[in-house]
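**Student:** Take a look at the following structure, please.
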Amino acid sequence: MRPGRIVALVVGSLLILPALALLLGGGALGVAYGVGRDDDGYFAVTLDRLETDTVAITAEDITFAAEPGSPDWVLDAVDADVRLRVTGADTARDVFVGIGPEEDVDAWLTGVAHERVVDLRDGLEPVYRLRSGGVAVVPPTTQDFWAVSTTGPGTQELVWEAEPGRWSVVVMNADATPGFAADVNVGVRAGFLLPLALVLLGVGAVLTAAAVVLIVVGASGRSDAVVDTPA
């Protein structure tokens, strides 16, 4: 077999697996995009009921950031929206839902007992970490640092267009009294998913075709070698 065909066979064999992975990944993402979203275009899940005897439940360390030095358009291109639907268990109380800068939320809740959601177990069961403290806190509706917030009875819906920075989500009684329980549905909508699926499909298809051609060209050298061998 000629050296060039050996190289083609080796390169094609090495290329076929990542090429198929890209092709299948793009296909799976495309299918999920087509059938996995709700009518508003969100991928949504409902968590197990959130409950606490303290003043509030928070989800912190939510970070949206590009690599250092990346231009702002990188984050703009992600085009991600977060939707929270929160239904308080006590219909007699108004619910508060807010997203604010982590630094401001931490300062506001300093010395106040509250639960942090730090993880989700199988079945979307929240894992809490208690921050001890008192129960006296200024009501959330009096604070002006919220990027978005909503307050009221029944189911409250909040939609937030993700921005760079470190953020915290807070759910609690609007009057800041302790003892809170709610059902929470979290949805995410990202504009980049369909273009990403198409790119993966395109690149995967091209690389798969190239890998097949290289393998065929390389493997054909074996038959040539058999034909050229004297009897």
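Every chain in the structure tokens has a letter given in the order shown (A, B, ...), and although residue numbers restart at 1 in each chain, ligands are simply numbered from 1 in the order shown.
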If you count only C-alpha atoms, which residues fall within 12 Å of A:Val159, apart from same-chain ones fewer than 3 positions away, as a count of residues only?

**Tutor:** 24

**Student:** Which polymer residues have any atom within 12 Å of an atom of A:Asp122, counting only C-alpha atoms, with same-chain residues fewer than 4 positions away left out, as a ChimeraX atom specification?

**Tutor:** /A:47-48,126-127

**Student:** Using only all heavy atoms, please write the residues we just selected to a file, as a CSV table (one decimal), in the first residue's frame.

**Tutor:**
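Contents of out-v2.csv, as written:
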chain,number,residue,atom,x,y,z
A,47,LEU,N,-39.6,22.1,40.0
A,47,LEU,CA,-38.8,21.5,41.1
A,47,LEU,C,-39.8,21.0,42.1
A,47,LEU,O,-41.0,21.3,42.2
A,47,LEU,CB,-38.0,22.7,41.8
A,47,LEU,CG,-37.1,23.5,40.8
A,47,LEU,CD1,-36.4,24.5,41.7
A,47,LEU,CD2,-36.2,22.6,40.1
A,48,ASP,N,-39.2,20.1,43.0
A,48,ASP,CA,-40.0,19.7,44.2
A,48,ASP,C,-40.3,20.9,45.0
A,48,ASP,O,-39.5,21.9,45.0
A,48,ASP,CB,-39.2,18.7,45.0
A,48,ASP,CG,-39.2,17.3,44.4
A,48,ASP,OD1,-39.8,17.1,43.3
A,48,ASP,OD2,-38.6,16.4,44.9
A,126,PRO,N,-34.6,20.0,45.9
A,126,PRO,CA,-33.6,21.0,46.3
A,126,PRO,C,-32.8,20.5,47.5
A,126,PRO,O,-33.3,19.8,48.4
A,126,PRO,CB,-34.5,22.2,46.6
A,126,PRO,CG,-35.8,21.9,46.0
A,126,PRO,CD,-36.0,20.5,46.0
A,127,VAL,N,-31.5,20.8,47.5
A,127,VAL,CA,-30.6,20.6,48.6
A,127,VAL,C,-30.3,22.0,49.2
A,127,VAL,O,-29.9,22.9,48.5
A,127,VAL,CB,-29.3,19.9,48.2
A,127,VAL,CG1,-28.4,19.8,49.4
A,127,VAL,CG2,-29.6,18.6,47.5

**Student:** List the spatial neighbours of stretch 207-210 of chain A as a VMD selection string - criterion: any atom at most 8 Å away, only C-alpha atoms, same-chain residues fewer than 5 positions off excluded.

**Tutor:** chain A and resid 12 15 to 16 19 to 20 23

**Student:** Keeping C-alpha atoms, export the residues of the selection given above as a short mmCIF file (atom, residue, chain, number, x, y, z; two decimals), in the first residue's frame.

**Tutor:**
data_model
loop_
_atom_site.label_atom_id
_atom_site.label_comp_id
_atom_site.auth_asym_id
_atom_site.auth_seq_id
_atom_site.Cartn_x
_atom_site.Cartn_y
_atom_site.Cartn_z
CA GLY A 12 -10.06 8.97 8.09
CA LEU A 15 -11.73 11.57 12.08
CA ILE A 16 -14.84 9.39 11.79
CA ALA A 19 -17.36 13.65 13.06
CA LEU A 20 -20.21 11.27 13.92
CA LEU A 23 -23.46 14.94 13.57
#

**Student:** Using atom CA of A:Gly41 and atom CA of A:Ala190 as the two end points, give the distance in Å to one decimal.

**Tutor:**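 Interatomic distance here is 8.7 Å.
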
**Student:** I'd like to know which of A:Ser220, A:Val118, A:Gln143, A:Ser132 is closest to A:Ile62, using only C-alpha atoms.

**Tutor:**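 That would be A:Val118, the residue with the smallest distance to A:Ile62.
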
**Student:** Can you work out which one of A:Pro140, A:Gly179, A:Gly165, A:Glu60 has the shortest atom-to-atom distance to A:Ala113, counting only C-alpha atoms?

**Tutor:** A:Gly179
